[in-house]
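Here is the structure we will look at, set down as structure tokens.
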Amino acid sequence: MLGLSELPTCPGLFCGSRARDGILSRMRIPGGILNVQQCGAIANLVDRYSNGYLQVTNRANLQIRNLNSAISPEVWHNLQKLGLASHCVEIDPIRNIMASPTAGIDRQQLLDTRPLVKAWDNYLQTHPELAELSPKFSVGFEGGESVAIDTFRNDILLTAVQSADSEIVFLLHFNGDSTGIIIKQSECIAVLAALANTYLEYSKNQPRIEEKKPRLRHLLADLGVENYLERVQQNLPFLGQITSCTFLKNRQDTCSTNSKFDCGVGILPAHSISEKPIEHYQHLGIHPQQQSGFSYIGIALTLGRLKSQQLRDLANLAQNFGRGILRLTPWQNLLISDIPNHRIYELEKSIAHLGLHSSATNLDSCLVACAGSSGCASAITDTQSDALTMVKDLAQKLKIDRPINIHFSGCQKFCAQHNPIDITLVGIQISQGNKTIAGYDIYAGKTDSPFGRLIFHAVILAEISNSIAQMLRVYQRFRAPDESFGVFIDRLSIYKLQQLLIQENPN
Ligand code: SF4
């Protein structure tokens, strides 16, 4: 483990990073999947070395704040034995491998991506040289599940699609954009390895950017996709057939009916990532699995927080009711899978006894906040505490009947959520006479990247819940049946919206 003076900015388990509230450590949990023994070891670790709390992150990692002493060699050894700590310490800070939390159990999936997650993790574990890449290097796999992860940022995302001759193949995406390149399942790891190694060669010859290693997006901006793939091809001869495909501009092109690539591979449109309905937090609550007679239950965690004892208890429930597996999600909550249908309501009651619930329509179910001033030097506001206060006030004012995603960002960097969502609050300093106080600009909807459209400017903390309640009441009164908050907001002009808001609250 590094000494405190050498702590990096991107934390791993072996190399925590310094946050305002102490040392922050992050465990890579590939695909977010944990078994009972792993949960017990994590809970013990948190009790022994921290304050008894954990947080699920937006890459389905587990984060431990406030580490108070060095972890003993026996504990490291045990964590490695359980598959929680990497055997290759060097790659520890590299970003977690992302996959749908319903991989292997989703009724819409084209294939189970869990073996690929495991295979890519094995590759990383046995190639310490990749530690030279930016620690933000990220890879995701999507198997066509209804709980899709394509809205999360990944440098490289492979999404399963069905070819015209019914073969399940993967489409290669860089930073969310389809390249139009198709990869066979059996070639995925070799292609990823070649992509990573070509990026590594590039990275070694580049100067640091603001003292940081170049990201894959820097490489793409510098070389362009085609040049990058030509270099990759030198390490991977079979890629020759697919780089000769037309480079399609966007996903719609890739997935249009009867589309045929120049290389002769057709893709059926039914499972394209652009056409799947994206519902907020659709995985919360009870859902039937692909495996007949079994269901999973999605459990909400406010701001991703979990007490160590809750983790132990949830793992025990997973063991008693299912197959002992918890699945962390990048929406900062978790699932228990493989529950026989006749026992699912009994499990729901047991979850309630732990002080948890599975409803997506509690105001705190879809609440997101970045680290804020307790953990981040760039923060203007204490997002975590402000979010909790706001949601408590808001719950006194109204109830909701559809999930509403509310995101608190402590500055314009927007780390915790990368796409515009229902309501985004961005921390600012507000001038009041000769002093400044912390407050928020409030944005809503999905048009106008990155935050949506500005609805309220410079709102002081005490007024935030009133402003949000005003928007939600207007939505509840004037929406079309089944219209989501985001769609409602985006279909109104700002002028019309302001009129309705004034009508709702003339003062
Ligand atoms: S959004 Fe800003 S304040 Fe929040 S964690 Fe990122 S850099 Fe820090």
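As shown in the structure tokens, the chain order sets the letters A, B, ...; within each chain, residues go from 1, and ligands are also counted from 1 in the order they appear.
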Hey, which residues sit close to ligand 1? Say within 10 Å, counting only C-alpha atoms and all ligand atoms, and write them as a list in words.
Ala369, Cys370, Ala371, Gly372, Ser373, Ser374, Gly375, Cys376, Ala377, Ser378, Ala379, Ile380, Thr381, Asp382, Thr383, Gln384, Phe408, Ser409, Gly410, Cys411, Gln412, Lys413, Phe414, Cys415, Ala416, Gln417, His418, Val426 and Gly427 of chain A
Residues as selected, N, CA, C and O atoms, written as a compact mmCIF listing (two decimals), in the first residue's frame, can you do that?
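Result written to again24.txt:
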```txt
# COMPACT_ATOMS: atom_id res chain seq x y z
N ALA A 369 -26.19 12.14 -5.46
CA ALA A 369 -25.38 13.31 -5.11
C ALA A 369 -23.91 12.94 -5.27
O ALA A 369 -23.50 11.83 -4.93
N CYS A 370 -23.13 13.87 -5.78
CA CYS A 370 -21.68 13.62 -5.85
C CYS A 370 -21.10 13.75 -4.44
O CYS A 370 -21.83 13.99 -3.49
N ALA A 371 -19.79 13.61 -4.31
CA ALA A 371 -19.18 13.61 -2.98
C ALA A 371 -19.44 14.91 -2.23
O ALA A 371 -19.62 14.93 -1.01
N GLY A 372 -19.47 16.03 -2.96
CA GLY A 372 -19.73 17.31 -2.31
C GLY A 372 -18.60 17.73 -1.39
O GLY A 372 -17.52 17.12 -1.38
N SER A 373 -18.84 18.78 -0.59
CA SER A 373 -17.74 19.39 0.16
C SER A 373 -17.17 18.48 1.25
O SER A 373 -16.05 18.69 1.70
N SER A 374 -17.91 17.44 1.66
CA SER A 374 -17.32 16.56 2.67
C SER A 374 -16.22 15.69 2.07
O SER A 374 -15.33 15.21 2.78
N GLY A 375 -16.25 15.50 0.73
CA GLY A 375 -15.25 14.62 0.15
C GLY A 375 -14.44 15.20 -0.98
O GLY A 375 -13.46 14.58 -1.40
N CYS A 376 -14.83 16.37 -1.50
CA CYS A 376 -14.17 16.84 -2.72
C CYS A 376 -13.76 18.31 -2.60
O CYS A 376 -14.58 19.17 -2.24
N ALA A 377 -12.51 18.56 -2.96
CA ALA A 377 -11.98 19.91 -2.82
C ALA A 377 -12.61 20.89 -3.81
O ALA A 377 -12.60 22.11 -3.58
N SER A 378 -13.17 20.41 -4.91
CA SER A 378 -13.77 21.32 -5.90
C SER A 378 -15.19 21.74 -5.53
O SER A 378 -15.78 22.60 -6.17
N ALA A 379 -15.76 21.11 -4.51
CA ALA A 379 -17.19 21.32 -4.24
C ALA A 379 -17.49 22.70 -3.66
O ALA A 379 -16.76 23.20 -2.80
N ILE A 380 -18.58 23.25 -4.13
CA ILE A 380 -19.07 24.52 -3.59
C ILE A 380 -20.09 24.25 -2.48
O ILE A 380 -20.27 25.04 -1.57
N THR A 381 -20.78 23.12 -2.59
CA THR A 381 -21.85 22.83 -1.63
C THR A 381 -21.68 21.44 -1.01
O THR A 381 -20.99 20.59 -1.55
N ASP A 382 -22.36 21.24 0.09
CA ASP A 382 -22.34 19.94 0.78
C ASP A 382 -23.50 19.11 0.21
O ASP A 382 -24.57 18.97 0.83
N THR A 383 -23.28 18.56 -0.98
CA THR A 383 -24.36 17.93 -1.74
C THR A 383 -25.06 16.79 -0.99
O THR A 383 -26.28 16.68 -1.04
N GLN A 384 -24.27 15.96 -0.32
CA GLN A 384 -24.86 14.78 0.32
C GLN A 384 -25.83 15.22 1.42
O GLN A 384 -26.96 14.74 1.49
N PHE A 408 -27.85 16.06 -7.23
CA PHE A 408 -27.12 17.21 -6.67
C PHE A 408 -25.67 17.14 -7.11
O PHE A 408 -24.98 16.15 -6.85
N SER A 409 -25.19 18.20 -7.75
CA SER A 409 -23.80 18.26 -8.18
C SER A 409 -23.13 19.44 -7.47
O SER A 409 -23.66 20.56 -7.51
N GLY A 410 -21.97 19.19 -6.86
CA GLY A 410 -21.32 20.24 -6.07
C GLY A 410 -20.60 21.28 -6.90
O GLY A 410 -20.16 22.30 -6.38
N CYS A 411 -20.46 21.05 -8.19
CA CYS A 411 -19.87 22.03 -9.09
C CYS A 411 -20.26 21.62 -10.52
O CYS A 411 -20.97 20.65 -10.71
N GLN A 412 -19.76 22.37 -11.48
CA GLN A 412 -20.17 22.14 -12.88
C GLN A 412 -19.58 20.86 -13.47
O GLN A 412 -19.92 20.49 -14.58
N LYS A 413 -18.69 20.17 -12.73
CA LYS A 413 -18.03 19.00 -13.35
C LYS A 413 -18.97 17.81 -13.50
O LYS A 413 -18.73 16.93 -14.30
N PHE A 414 -20.00 17.74 -12.66
CA PHE A 414 -21.07 16.79 -12.94
C PHE A 414 -20.61 15.34 -12.86
O PHE A 414 -20.93 14.53 -13.71
N CYS A 415 -19.80 15.01 -11.81
CA CYS A 415 -19.19 13.66 -11.73
C CYS A 415 -20.18 12.53 -11.51
O CYS A 415 -19.97 11.42 -11.99
N ALA A 416 -21.23 12.76 -10.72
CA ALA A 416 -22.04 11.63 -10.24
C ALA A 416 -23.04 11.14 -11.27
O ALA A 416 -23.49 10.01 -11.21
N GLN A 417 -23.42 11.99 -12.21
CA GLN A 417 -24.39 11.56 -13.22
C GLN A 417 -24.04 12.29 -14.50
O GLN A 417 -23.90 13.50 -14.50
N HIS A 418 -23.91 11.55 -15.59
CA HIS A 418 -23.33 12.18 -16.76
C HIS A 418 -24.32 12.59 -17.82
O HIS A 418 -23.97 13.20 -18.81
N VAL A 426 -27.12 22.30 -9.38
CA VAL A 426 -25.68 22.52 -9.48
C VAL A 426 -25.28 23.59 -8.46
O VAL A 426 -25.84 24.70 -8.45
N GLY A 427 -24.32 23.23 -7.59
CA GLY A 427 -23.91 24.12 -6.51
C GLY A 427 -23.27 25.40 -7.03
O GLY A 427 -22.45 25.37 -7.95
```
Counting only C-alpha atoms, which residues in range 307-376 of chain A sit no more than 8 Å from range 45-69 of chain A? For each one, give the nearest pair of atoms and the distance in Å, sorted by chain then residue number, as a tab-separated table.
```
residue	atom	partner	partner_atom	distance
A:Lys307	CA	A:Tyr53	CA	4.6
A:Ser308	CA	A:Gly52	CA	5.3
A:Leu328	CA	A:Ala60	CA	5.3
A:Thr329	CA	A:Ala60	CA	5.0
A:Pro330	CA	A:Asn58	CA	4.1
A:Trp331	CA	A:Asn58	CA	5.8
A:Gln332	CA	A:Val56	CA	4.9
A:Asn333	CA	A:Val56	CA	6.6
```
Please return as a ChimeraX atom specification: the residues of range 28-151 of chain A that backbone DSSP assigns to strand (DSSP E or B).
/A:33-35,53-56,62-67,98-99,139-142
Correct to one decimal, the distance CA of Leu354 in chain A-CA of Asp338 in chain A is 19.8 Å
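Taking CA of Ile94 in chain A and CA of Leu124 in chain A as the two end points, the separation is 9.0 Å.
As for CA of Trp120 in chain A and CA of Glu74 in chain A, they are spaced 27.3 Å apart.
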I'd like the contact shell of Arg477 in chain A - 12 Å cut-off, only C-alpha atoms, skipping same-chain residues fewer than 2 positions apart - returned as a PyMOL selection string.
chain A and resi 400+470-475+479-481+483+485+488+500-501+503-504
Save out the residues we just selected, all heavy atoms, as a short mmCIF file (atom, residue, chain, number, x, y, z; two decimals), in the first residue's frame.
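Generated file (selection11.cif):
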```
data_model
loop_
_atom_site.label_atom_id
_atom_site.label_comp_id
_atom_site.auth_asym_id
_atom_site.auth_seq_id
_atom_site.Cartn_x
_atom_site.Cartn_y
_atom_site.Cartn_z
N ILE A 400 -45.11 11.18 -4.81
CA ILE A 400 -45.00 11.01 -6.25
C ILE A 400 -45.51 9.62 -6.63
O ILE A 400 -45.50 8.71 -5.80
CB ILE A 400 -43.54 11.20 -6.75
CG1 ILE A 400 -42.55 10.31 -5.98
CG2 ILE A 400 -43.12 12.66 -6.68
CD1 ILE A 400 -41.14 10.31 -6.54
N GLN A 470 -42.85 22.87 -6.38
CA GLN A 470 -43.60 23.67 -7.37
C GLN A 470 -43.58 22.97 -8.74
O GLN A 470 -44.60 22.82 -9.39
CB GLN A 470 -42.89 25.03 -7.49
CG GLN A 470 -43.80 26.22 -7.62
CD GLN A 470 -42.94 27.49 -7.66
OE1 GLN A 470 -41.99 27.63 -6.89
NE2 GLN A 470 -43.27 28.39 -8.57
N MET A 471 -42.39 22.54 -9.15
CA MET A 471 -42.26 21.87 -10.47
C MET A 471 -43.06 20.56 -10.48
O MET A 471 -43.74 20.25 -11.45
CB MET A 471 -40.79 21.54 -10.77
CG MET A 471 -40.00 22.71 -11.26
SD MET A 471 -38.45 22.17 -11.98
CE MET A 471 -37.52 21.69 -10.57
N LEU A 472 -42.95 19.82 -9.39
CA LEU A 472 -43.62 18.51 -9.36
C LEU A 472 -45.15 18.66 -9.33
O LEU A 472 -45.87 17.88 -9.94
CB LEU A 472 -43.13 17.68 -8.17
CG LEU A 472 -41.66 17.26 -8.24
CD1 LEU A 472 -41.25 16.48 -6.99
CD2 LEU A 472 -41.40 16.40 -9.48
N ARG A 473 -45.62 19.71 -8.66
CA ARG A 473 -47.08 19.92 -8.63
C ARG A 473 -47.58 20.29 -10.02
O ARG A 473 -48.62 19.81 -10.46
CB ARG A 473 -47.43 21.03 -7.64
CG ARG A 473 -47.33 20.57 -6.22
CD ARG A 473 -48.15 21.45 -5.27
NE ARG A 473 -47.82 21.09 -3.91
CZ ARG A 473 -46.99 21.77 -3.13
NH1 ARG A 473 -46.43 22.88 -3.57
NH2 ARG A 473 -46.73 21.35 -1.90
N VAL A 474 -46.84 21.15 -10.71
CA VAL A 474 -47.23 21.53 -12.09
C VAL A 474 -47.26 20.27 -12.96
O VAL A 474 -48.20 20.05 -13.72
CB VAL A 474 -46.25 22.58 -12.65
CG1 VAL A 474 -46.38 22.71 -14.17
CG2 VAL A 474 -46.47 23.92 -11.99
N TYR A 475 -46.26 19.44 -12.81
CA TYR A 475 -46.20 18.18 -13.58
C TYR A 475 -47.41 17.30 -13.26
O TYR A 475 -48.09 16.81 -14.17
CB TYR A 475 -44.89 17.47 -13.25
CG TYR A 475 -44.86 16.00 -13.60
CD1 TYR A 475 -45.01 15.56 -14.92
CD2 TYR A 475 -44.67 15.04 -12.61
CE1 TYR A 475 -44.99 14.21 -15.23
CE2 TYR A 475 -44.64 13.68 -12.91
CZ TYR A 475 -44.81 13.28 -14.22
OH TYR A 475 -44.79 11.94 -14.53
N ARG A 479 -49.74 17.05 -16.65
CA ARG A 479 -49.13 16.02 -17.51
C ARG A 479 -50.21 15.24 -18.26
O ARG A 479 -51.37 15.15 -17.81
CB ARG A 479 -48.30 15.06 -16.67
CG ARG A 479 -49.16 14.17 -15.81
CD ARG A 479 -48.35 13.28 -14.88
NE ARG A 479 -49.21 12.53 -14.01
CZ ARG A 479 -48.80 11.78 -13.00
NH1 ARG A 479 -47.50 11.70 -12.72
NH2 ARG A 479 -49.64 11.12 -12.25
N ALA A 480 -49.81 14.62 -19.36
CA ALA A 480 -50.68 13.68 -20.05
C ALA A 480 -50.62 12.35 -19.31
O ALA A 480 -49.65 12.10 -18.58
CB ALA A 480 -50.19 13.51 -21.49
N PRO A 481 -51.65 11.50 -19.48
CA PRO A 481 -51.59 10.20 -18.79
C PRO A 481 -50.29 9.48 -19.18
O PRO A 481 -49.89 9.49 -20.34
CB PRO A 481 -52.80 9.45 -19.34
CG PRO A 481 -53.70 10.48 -19.92
CD PRO A 481 -52.86 11.65 -20.30
N GLU A 483 -47.31 10.26 -18.84
CA GLU A 483 -46.18 11.09 -19.31
C GLU A 483 -45.14 11.21 -18.18
O GLU A 483 -45.50 11.53 -17.04
CB GLU A 483 -46.69 12.48 -19.69
CG GLU A 483 -45.66 13.32 -20.40
CD GLU A 483 -46.27 14.63 -20.91
OE1 GLU A 483 -47.20 15.16 -20.26
OE2 GLU A 483 -45.83 15.11 -21.95
N PHE A 485 -41.89 12.83 -16.13
CA PHE A 485 -41.54 14.21 -15.79
C PHE A 485 -40.65 14.83 -16.87
O PHE A 485 -40.90 15.95 -17.32
CB PHE A 485 -40.82 14.24 -14.43
CG PHE A 485 -40.40 15.61 -14.01
CD1 PHE A 485 -41.28 16.48 -13.40
CD2 PHE A 485 -39.09 16.04 -14.25
CE1 PHE A 485 -40.88 17.76 -13.02
CE2 PHE A 485 -38.68 17.31 -13.88
CZ PHE A 485 -39.58 18.17 -13.26
N PHE A 488 -42.59 15.62 -20.02
CA PHE A 488 -43.49 16.75 -19.77
C PHE A 488 -42.72 18.07 -19.82
O PHE A 488 -43.11 19.01 -20.52
CB PHE A 488 -44.15 16.56 -18.39
CG PHE A 488 -44.91 17.77 -17.91
CD1 PHE A 488 -46.18 18.06 -18.43
CD2 PHE A 488 -44.37 18.62 -16.97
CE1 PHE A 488 -46.87 19.18 -17.99
CE2 PHE A 488 -45.06 19.75 -16.53
CZ PHE A 488 -46.31 20.03 -17.05
N LEU A 500 -46.86 28.44 -15.84
CA LEU A 500 -47.49 27.42 -14.98
C LEU A 500 -46.91 27.45 -13.57
O LEU A 500 -47.63 27.27 -12.58
CB LEU A 500 -47.31 26.02 -15.59
CG LEU A 500 -48.02 25.76 -16.91
CD1 LEU A 500 -47.68 24.37 -17.45
CD2 LEU A 500 -49.54 25.88 -16.75
N LEU A 501 -45.61 27.69 -13.47
CA LEU A 501 -44.96 27.74 -12.15
C LEU A 501 -45.48 28.94 -11.35
O LEU A 501 -45.73 28.84 -10.14
CB LEU A 501 -43.44 27.80 -12.29
CG LEU A 501 -42.76 26.51 -12.78
CD1 LEU A 501 -41.32 26.76 -13.17
CD2 LEU A 501 -42.83 25.42 -11.71
N GLN A 503 -48.37 30.38 -11.77
CA GLN A 503 -49.76 30.03 -11.43
C GLN A 503 -49.81 29.15 -10.18
O GLN A 503 -50.66 29.30 -9.33
CB GLN A 503 -50.31 29.21 -12.59
CG GLN A 503 -51.69 29.63 -13.10
CD GLN A 503 -51.95 28.83 -14.37
OE1 GLN A 503 -51.31 29.07 -15.39
NE2 GLN A 503 -52.83 27.86 -14.30
N GLU A 504 -48.86 28.23 -10.11
CA GLU A 504 -48.80 27.28 -9.00
C GLU A 504 -48.41 27.98 -7.70
O GLU A 504 -48.86 27.62 -6.62
CB GLU A 504 -47.78 26.17 -9.33
CG GLU A 504 -47.66 25.09 -8.30
CD GLU A 504 -48.96 24.34 -8.07
OE1 GLU A 504 -49.69 24.09 -9.06
OE2 GLU A 504 -49.27 24.04 -6.89
#
```
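Among A:Tyr199, A:Phe141, A:Tyr443, A:Phe170, the residue with the shortest atom-to-atom distance to Leu157 in chain A, counting only C-alpha atoms, is A:Phe141.
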